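What follows is the content of protein_26.txt, which has compact mmCIF, C-alpha atoms and all ligand atoms:
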# COMPACT_ATOMS: atom_id res chain seq x y z
CA MET A 1 47.53 45.66 96.01
CA SER A 2 45.30 47.41 98.53
CA GLN A 3 47.73 46.71 101.38
CA GLN A 4 50.73 48.22 99.57
CA PRO A 5 51.78 51.69 100.75
CA ILE A 6 51.46 55.03 98.99
CA GLY A 7 54.91 56.50 98.25
CA ILE A 8 55.19 60.26 98.67
CA PHE A 9 58.15 62.53 98.14
CA ASP A 10 58.97 66.21 98.47
CA SER A 11 62.15 68.26 98.47
CA GLY A 12 61.93 68.32 102.26
CA VAL A 13 59.29 68.77 104.91
CA GLY A 14 56.67 70.82 103.04
CA GLY A 15 55.02 67.79 101.45
CA LEU A 16 53.91 66.76 104.90
CA THR A 17 50.91 69.05 104.34
CA VAL A 18 49.84 66.45 101.76
CA VAL A 19 50.51 63.61 104.23
CA LYS A 20 48.32 65.40 106.78
CA ALA A 21 45.46 65.80 104.31
CA LEU A 22 45.83 62.20 103.08
CA THR A 23 45.90 60.74 106.57
CA ALA A 24 42.71 62.63 107.45
CA ALA A 25 40.97 61.50 104.24
CA LEU A 26 42.33 57.92 104.14
CA PRO A 27 43.33 56.87 107.66
CA ARG A 28 43.85 53.20 106.75
CA GLU A 29 46.51 53.86 104.15
CA ARG A 30 50.15 53.15 104.87
CA ILE A 31 52.42 55.94 103.64
CA VAL A 32 56.15 56.00 102.99
CA TYR A 33 57.35 59.62 102.89
CA PHE A 34 60.74 60.65 101.56
CA GLY A 35 61.97 64.21 102.13
CA ASP A 36 65.03 65.09 100.06
CA THR A 37 66.45 67.36 102.74
CA ALA A 38 69.99 66.97 101.39
CA ARG A 39 69.07 68.78 98.18
CA VAL A 40 66.31 71.18 99.24
CA PRO A 41 65.41 73.76 97.92
CA TYR A 42 64.19 72.57 94.53
CA GLY A 43 62.40 75.83 93.77
CA ILE A 44 65.47 77.64 92.46
CA LYS A 45 66.95 74.76 90.43
CA SER A 46 66.66 73.99 86.74
CA GLY A 47 64.08 71.62 85.26
CA ASN A 48 66.77 69.08 84.31
CA THR A 49 68.12 68.90 87.83
CA ILE A 50 64.63 68.55 89.31
CA ARG A 51 63.81 65.72 86.89
CA ARG A 52 66.96 63.85 87.89
CA TYR A 53 66.26 64.31 91.59
CA ALA A 54 62.61 63.34 91.17
CA LEU A 55 63.48 60.11 89.39
CA GLU A 56 66.01 59.17 92.06
CA ASN A 57 63.42 59.83 94.75
CA VAL A 58 60.90 57.64 92.93
CA ARG A 59 63.47 54.84 92.58
CA PHE A 60 64.02 55.00 96.33
CA LEU A 61 60.28 54.79 97.02
CA GLU A 62 59.92 51.86 94.62
CA ARG A 63 61.81 49.70 97.11
CA PHE A 64 58.66 49.74 99.23
CA ASP A 65 56.55 48.43 96.36
CA PRO A 66 54.09 51.35 96.43
CA LYS A 67 50.69 51.16 94.73
CA MET A 68 50.87 54.85 93.88
CA ILE A 69 53.41 57.69 93.88
CA VAL A 70 52.41 61.16 95.05
CA VAL A 71 54.68 64.04 94.07
CA ALA A 72 53.95 66.28 97.05
CA CYS A 73 56.15 69.07 95.76
CA ASN A 74 54.87 71.76 93.43
CA THR A 75 58.26 72.35 91.84
CA ALA A 76 58.78 68.64 91.10
CA SER A 77 55.18 68.34 89.88
CA ALA A 78 55.72 71.30 87.57
CA ALA A 79 59.01 70.08 86.14
CA ALA A 80 58.95 66.29 86.30
CA MET A 81 55.45 64.78 86.24
CA ASP A 82 55.47 63.49 82.66
CA TYR A 83 59.09 62.46 82.95
CA ILE A 84 58.37 60.26 85.98
CA ALA A 85 54.97 58.99 84.88
CA ASP A 86 56.60 57.52 81.76
CA LYS A 87 59.01 55.51 83.87
CA VAL A 88 56.87 53.89 86.54
CA GLU A 89 54.13 51.28 86.41
CA VAL A 90 51.87 52.69 89.12
CA PRO A 91 49.74 55.87 88.98
CA VAL A 92 51.60 59.11 89.69
CA VAL A 93 49.69 62.02 91.21
CA GLY A 94 51.06 65.57 91.40
CA VAL A 95 49.76 68.63 93.20
CA ILE A 96 49.33 71.02 90.26
CA GLU A 97 46.26 69.64 88.52
CA PRO A 98 44.22 69.18 91.72
CA GLY A 99 45.10 72.75 92.80
CA ALA A 100 44.23 74.18 89.39
CA ALA A 101 40.88 72.37 89.34
CA ALA A 102 39.99 73.70 92.79
CA ALA A 103 40.90 77.24 91.71
CA VAL A 104 38.75 77.08 88.60
CA GLN A 105 35.85 75.84 90.68
CA ALA A 106 36.30 78.57 93.30
CA SER A 107 36.80 81.57 91.01
CA ARG A 108 33.84 83.77 90.05
CA THR A 109 35.71 86.50 88.16
CA GLY A 110 38.02 84.07 86.31
CA VAL A 111 41.06 86.01 87.51
CA ILE A 112 43.24 83.50 89.34
CA GLY A 113 46.45 84.28 91.19
CA ILE A 114 49.23 81.70 91.49
CA VAL A 115 52.05 82.08 93.99
CA ALA A 116 54.88 79.55 93.87
CA THR A 117 58.64 79.07 93.62
CA GLU A 118 60.65 80.56 90.76
CA THR A 119 60.96 77.20 88.96
CA THR A 120 57.23 76.46 89.23
CA ILE A 121 56.29 79.90 87.92
CA ALA A 122 58.84 79.69 85.09
CA SER A 123 57.44 76.30 84.02
CA ARG A 124 53.95 77.84 83.57
CA ALA A 125 52.54 74.48 84.64
CA TYR A 126 49.72 76.04 86.69
CA GLU A 127 48.82 78.36 83.85
CA ARG A 128 48.50 75.39 81.47
CA ALA A 129 46.50 73.36 83.99
CA VAL A 130 44.08 76.24 84.67
CA THR A 131 43.56 77.25 81.05
CA ALA A 132 43.02 73.61 80.04
CA LEU A 133 39.95 73.70 82.29
CA ALA A 134 38.94 77.33 81.83
CA PRO A 135 40.34 78.74 78.57
CA LYS A 136 39.10 82.25 79.36
CA ALA A 137 40.69 82.43 82.80
CA ARG A 138 43.22 85.21 83.40
CA ILE A 139 46.26 84.10 85.36
CA VAL A 140 48.39 86.38 87.50
CA GLN A 141 51.58 84.67 88.63
CA LYS A 142 54.09 85.67 91.25
CA ALA A 143 57.24 83.92 92.45
CA CYS A 144 57.80 84.42 96.18
CA PRO A 145 61.32 83.09 96.77
CA LEU A 146 61.70 84.40 100.33
CA PHE A 147 58.68 82.48 101.63
CA VAL A 148 60.37 79.05 101.76
CA PRO A 149 63.44 80.09 103.80
CA MET A 150 61.23 82.12 106.15
CA VAL A 151 59.01 79.13 106.87
CA GLU A 152 62.04 76.84 107.22
CA GLU A 153 63.29 79.23 109.90
CA GLY A 154 59.95 78.88 111.68
CA ARG A 155 58.95 82.45 110.81
CA VAL A 156 55.27 82.26 109.94
CA GLU A 157 54.08 85.48 111.56
CA GLY A 158 55.40 88.86 112.68
CA GLN A 159 56.56 92.07 111.14
CA ILE A 160 59.19 90.73 108.73
CA VAL A 161 56.83 88.11 107.35
CA ARG A 162 54.04 90.67 106.86
CA LEU A 163 56.44 93.04 105.11
CA VAL A 164 57.63 90.35 102.69
CA ALA A 165 54.07 89.16 102.04
CA ARG A 166 52.94 92.72 101.32
CA GLU A 167 55.86 93.23 98.92
CA TYR A 168 54.94 90.08 96.96
CA LEU A 169 51.17 90.12 97.14
CA GLY A 170 50.18 93.74 97.59
CA GLY A 171 49.41 94.29 93.92
CA LEU A 172 47.37 91.13 93.32
CA CYS A 173 44.02 92.44 94.52
CA GLU A 174 44.25 95.51 92.30
CA LEU A 175 44.48 93.11 89.37
CA GLY A 176 41.08 91.65 90.26
CA VAL A 177 42.32 88.29 91.59
CA ASP A 178 39.46 86.60 93.47
CA THR A 179 41.17 83.23 94.00
CA LEU A 180 44.75 82.62 95.03
CA VAL A 181 46.49 79.24 94.68
CA LEU A 182 49.21 78.53 97.21
CA GLY A 183 51.36 76.71 94.67
CA CYS A 184 54.14 75.69 97.02
CA THR A 185 54.13 73.21 99.87
CA HIS A 186 55.42 75.77 102.37
CA TYR A 187 52.93 78.53 101.73
CA PRO A 188 49.99 77.06 103.69
CA ALA A 189 52.09 77.73 106.81
CA LEU A 190 51.79 81.45 105.92
CA LYS A 191 48.08 81.31 105.18
CA GLU A 192 47.04 83.72 107.92
CA VAL A 193 49.54 86.39 106.91
CA ILE A 194 48.69 85.92 103.24
CA ARG A 195 45.00 86.27 104.06
CA SER A 196 45.63 89.47 105.98
CA VAL A 197 47.38 90.95 102.92
CA VAL A 198 45.02 89.84 100.15
CA GLY A 199 41.83 90.30 102.16
CA ALA A 200 39.19 87.91 103.46
CA GLU A 201 37.17 88.01 100.23
CA VAL A 202 39.94 86.34 98.18
CA LYS A 203 39.55 82.55 98.21
CA ILE A 204 42.73 80.74 99.08
CA VAL A 205 43.31 77.31 97.51
CA ASP A 206 45.63 74.91 99.26
CA SER A 207 46.42 72.06 96.87
CA ALA A 208 47.12 69.49 99.63
CA GLN A 209 43.39 68.98 100.28
CA GLU A 210 42.61 68.68 96.59
CA THR A 211 45.45 66.23 96.06
CA ALA A 212 44.06 64.00 98.83
CA ARG A 213 40.70 64.00 97.02
CA THR A 214 42.38 63.00 93.74
CA VAL A 215 44.31 60.17 95.45
CA ARG A 216 41.11 58.85 96.98
CA ALA A 217 39.32 58.98 93.61
CA ILE A 218 42.10 56.97 91.90
CA LEU A 219 42.26 54.38 94.70
CA ASP A 220 38.48 53.94 94.53
CA GLU A 221 38.41 53.79 90.75
CA ARG A 222 41.07 51.04 90.72
CA ASP A 223 39.63 49.36 93.78
CA ILE A 224 42.98 49.43 95.60
CA ALA A 225 42.14 51.47 98.72
CA ALA A 226 43.26 49.84 101.99
CA GLU A 227 40.30 48.06 103.52
CA ALA A 228 41.79 47.23 106.88
CA GLY A 229 44.69 48.20 109.09
CA ALA A 230 45.63 51.19 111.17
CA GLY A 231 47.59 53.05 108.51
CA GLY A 232 50.54 55.22 109.53
CA THR A 233 53.55 56.88 107.96
CA GLN A 234 57.22 55.88 107.79
CA PHE A 235 59.47 58.91 107.36
CA TYR A 236 62.78 58.99 105.49
CA ALA A 237 65.07 61.97 104.87
CA SER A 238 68.28 62.33 102.89
CA ASP A 239 69.92 64.58 105.50
CA ASN A 240 69.55 65.82 109.04
CA PRO A 241 66.58 63.72 110.26
CA GLU A 242 66.50 65.62 113.57
CA ARG A 243 65.87 68.94 111.81
CA PHE A 244 63.23 67.20 109.70
CA ARG A 245 61.50 66.01 112.89
CA ARG A 246 61.52 69.50 114.38
CA LEU A 247 60.20 71.23 111.27
CA ALA A 248 57.69 68.46 110.56
CA THR A 249 55.52 69.59 113.44
CA LEU A 250 54.72 72.82 111.59
CA PHE A 251 53.38 71.00 108.54
CA LEU A 252 52.03 67.81 110.04
CA GLY A 253 50.60 69.15 113.28
CA ALA A 254 52.46 66.35 115.09
CA THR A 255 56.08 65.34 115.54
CA PRO A 256 57.10 62.07 113.81
CA VAL A 257 58.31 59.49 116.31
CA SER A 258 61.26 58.58 114.12
CA VAL A 259 62.80 59.68 110.86
CA THR A 260 65.27 57.37 109.12
CA LEU A 261 68.31 58.82 107.40
CA VAL A 262 68.84 57.62 103.84
CA GLU A 263 72.54 57.68 103.01
CA PRO A 264 73.41 59.31 99.66
CA GLU A 265 74.81 56.08 98.19
CA ASP A 266 71.39 54.52 98.84
CA PHE A 267 69.61 56.71 96.38
CA PHE A 268 71.87 59.18 94.53
CA SER A 269 72.08 56.63 91.80
CA GLY A 270 72.64 58.89 88.83
CA ALA A 271 69.25 57.43 87.88
CA GLY A 272 68.85 59.41 84.76
CA ALA A 273 71.16 61.07 82.33
CA ILE A 274 68.66 63.66 81.27
CA SER A 275 68.24 65.63 78.16
CA ASP A 276 65.31 67.86 77.31
N1 LIG A 301 58.49 71.74 97.92
C1 LIG A 301 58.76 72.93 97.15
C2 LIG A 301 57.52 73.28 96.33
O1 LIG A 301 56.41 72.92 96.66
C3 LIG A 301 59.15 74.10 98.02
C4 LIG A 301 60.50 73.97 98.66
C5 LIG A 301 61.64 73.93 97.66
O2 LIG A 301 61.91 74.94 97.00
O3 LIG A 301 62.22 72.86 97.54
O4 LIG A 301 57.64 73.95 95.34

Represent the structure of the file as structure tokens.
Ligand code: DGL
Amino acid sequence: MSQQPIGIFDSGVGGLTVVKALTAALPRERIVYFGDTARVPYGIKSGNTIRRYALENVRFLERFDPKMIVVACNTASAAAMDYIADKVEVPVVGVIEPGAAAAVQASRTGVIGIVATETTIASRAYERAVTALAPKARIVQKACPLFVPMVEEGRVEGQIVRLVAREYLGGLCELGVDTLVLGCTHYPALKEVIRSVVGAEVKIVDSAQETARTVRAILDERDIAAEAGAGGTQFYASDNPERFRRLATLFLGATPVSVTLVEPEDFFSGAGAISD
């Protein structure tokens, strides 16, 4: 099993922050990454829709016989983790629990801020994950819906970005937040601006790093980590692979050599008629 790849999906390019962290931590692992660029953004869609998309993405990744699935999307982790985990044989890792654990560890005051998409915030998944570990923690949540389109347009600094960040985050420090979780794949790209608004003393948790640690722990525990080989990532996208390549650089720190288009009929299977 150790030579099988790790399957990772996100709504688009943002999950590449997880690929970057994983590649640094586990350079021998082969990764198959699927970005659902045809249906991004997930962050404003309902839980039922996200669960259907997530299951279709997993079914696509299963063709590569992965040893593990990583849900590198906060919105899909928030809405669909249990739903998917019930339907696959291999371990499924999301980004919420690792991020919550890192926040609990970092916080001194117990006042933890979470910024994420509307759907993630509405699901209260971070709140549950944090309070499961630290029942007395106080959670301050804020949806920041303009952040994703700004990053997708390559706007990660400048006046407009600072203005939007101030509008969303200005009040957090007054509420005593000492740790802020970037609960969306795109937000690490805005880390510098976010830091300038919340102040250097607020600890910023980026769940990609923590997720890589969790993946490593599970691979070691099951003794299925790749022992040889050069690793590497194959990239797939459900629309506009050229745009994916361009944007990927921002999240991955490198431009993928090639991105393969997955035609809709290859994975929009109607994989799950879903009811809550
Ligand atoms: N990947 C999503 C997340 O982490 C952000 C982009 C989207 O809304 O699809 O929540």

Worksheet item: With all atoms listed in the file as the basis for distance, which of A:Glu89, A:Glu97, A:Glu221, A:Glu263 is at the shortest distance from Asp206 (chain A)?
Response: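 Distance minimum relative to Asp206 (chain A) lands on A:Glu97.
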
Min atom-atom distance to Cys73 (chain A) from the set A:Ala254, A:Val93, A:Leu22, A:Val197, counting all atoms listed in the file, belongs to A:Val93

### Task
Check every protein, DNA and RNA residue against ligand LIG 301 (chain A), keep those with an atom at most 6 Å away (counting only C-alpha atoms and all ligand atoms), and present them as a ChimeraX atom specification.
/A:10-11,14,40-43,73-75,117,148,184-186

So that I can check the surroundings of Tyr126 (chain A), please list as a PDB file with C-alpha atoms, in the frame of the given file every protein, DNA and RNA residue that reaches within 7 Å of it, counting only C-alpha atoms and ignoring chain neighbours fewer than 3 positions away.
ATOM      1  CA  ILE A  96      49.330  71.020  90.260  1.00  0.00           C
ATOM      2  CA  ALA A 100      44.230  74.180  89.390  1.00  0.00           C
ATOM      3  CA  ALA A 129      46.500  73.360  83.990  1.00  0.00           C
ATOM      4  CA  VAL A 130      44.080  76.240  84.670  1.00  0.00           C
TER       5      VAL A 130
END

message: Report, in Å to a single decimal, how far apart CA of Leu261 (chain A) and CA of Ala237 (chain A) are.
response: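 CA of Leu261 (chain A) lies at a distance of 5.2 Å from CA of Ala237 (chain A).
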
In Å and to one decimal, CA of Phe244 (chain A) is distant from CA of Ile160 (chain A) by 23.9 Å

Using all atoms listed in the file, the residue out of A:Glu157, A:Asp178, A:Glu62, A:Glu56 with shortest distance to Thr109 (chain A) is A:Asp178

> Given the choices A:Thr179, A:Thr233, A:Asn240, A:Thr211, which gets closest to Val71 (chain A) if the distance is worked out from only C-alpha atoms?
Replying inline: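 Between A:Thr179, A:Thr233, A:Asn240, A:Thr211, the residue approaching Val71 (chain A) most closely is A:Thr211.
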
- [ ] Identify, on the basis of all atoms listed in the file, every residue whose closest approach to Phe235 (chain A) does not exceed 12 Å; exclude the query and any residue fewer than 5 positions from it along the same chain; express the result as a PyMOL selection string.
- [x] chain A and resi 7-10+12-13+15-16+19+30-37+61+241-242+244-245+248+252+255-262

Using only C-alpha atoms, the shortest atom-to-atom distance to Ile224 (chain A) among A:Lys20, A:Lys136, A:Arg162, A:Arg28 belongs to A:Arg28

Selected residue of minimal separation from Gly47 (chain A) among A:Ala85, A:Met68, A:Leu169, A:Ala79, counting all atoms listed in the file: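 Nearest to Gly47 (chain A): A:Ala79.
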
Between CA of Ile69 (chain A) and CA of Arg52 (chain A), distance in Å (one decimal):
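These two atoms are separated by 16.0 Å.
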
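Counting all atoms listed in the file, Ala25 (chain A) has the following residues at most 9 Å away, ignoring those fewer than 2 positions along the same chain: Lys20, Ala21, Leu22, Thr23, Pro27, Gln209, Ala212, Arg213 and Arg216 of chain A.
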
So that I have them on file, write out the residues from the current selection with C-alpha atoms, as a tab-separated table (two decimals), in the coordinates of the input.
chain	number	residue	atom	x	y	z
A	20	LYS	CA	48.32	65.40	106.78
A	21	ALA	CA	45.46	65.80	104.31
A	22	LEU	CA	45.83	62.20	103.08
A	23	THR	CA	45.90	60.74	106.57
A	27	PRO	CA	43.33	56.87	107.66
A	209	GLN	CA	43.39	68.98	100.28
A	212	ALA	CA	44.06	64.00	98.83
A	213	ARG	CA	40.70	64.00	97.02
A	216	ARG	CA	41.11	58.85	96.98

Margin query: Need the shell around Pro66 (chain A): protein/DNA/RNA residues with any atom at most 7 Å away, counting only C-alpha atoms. Skip same-chain ones fewer than 5 positions apart. Format as a list in words?
Written below: Gln4, Pro5, Ile6 and Gly7 of chain A

Give me the residues near Ser196 (chain A) as a ChimeraX atom specification, where near means some atom within 12 Å (using all atoms listed in the file) and where sequence neighbours in that chain fewer than 6 positions away do not count. /A:157-158,161-163,165-166,169-170,173,190,202,204
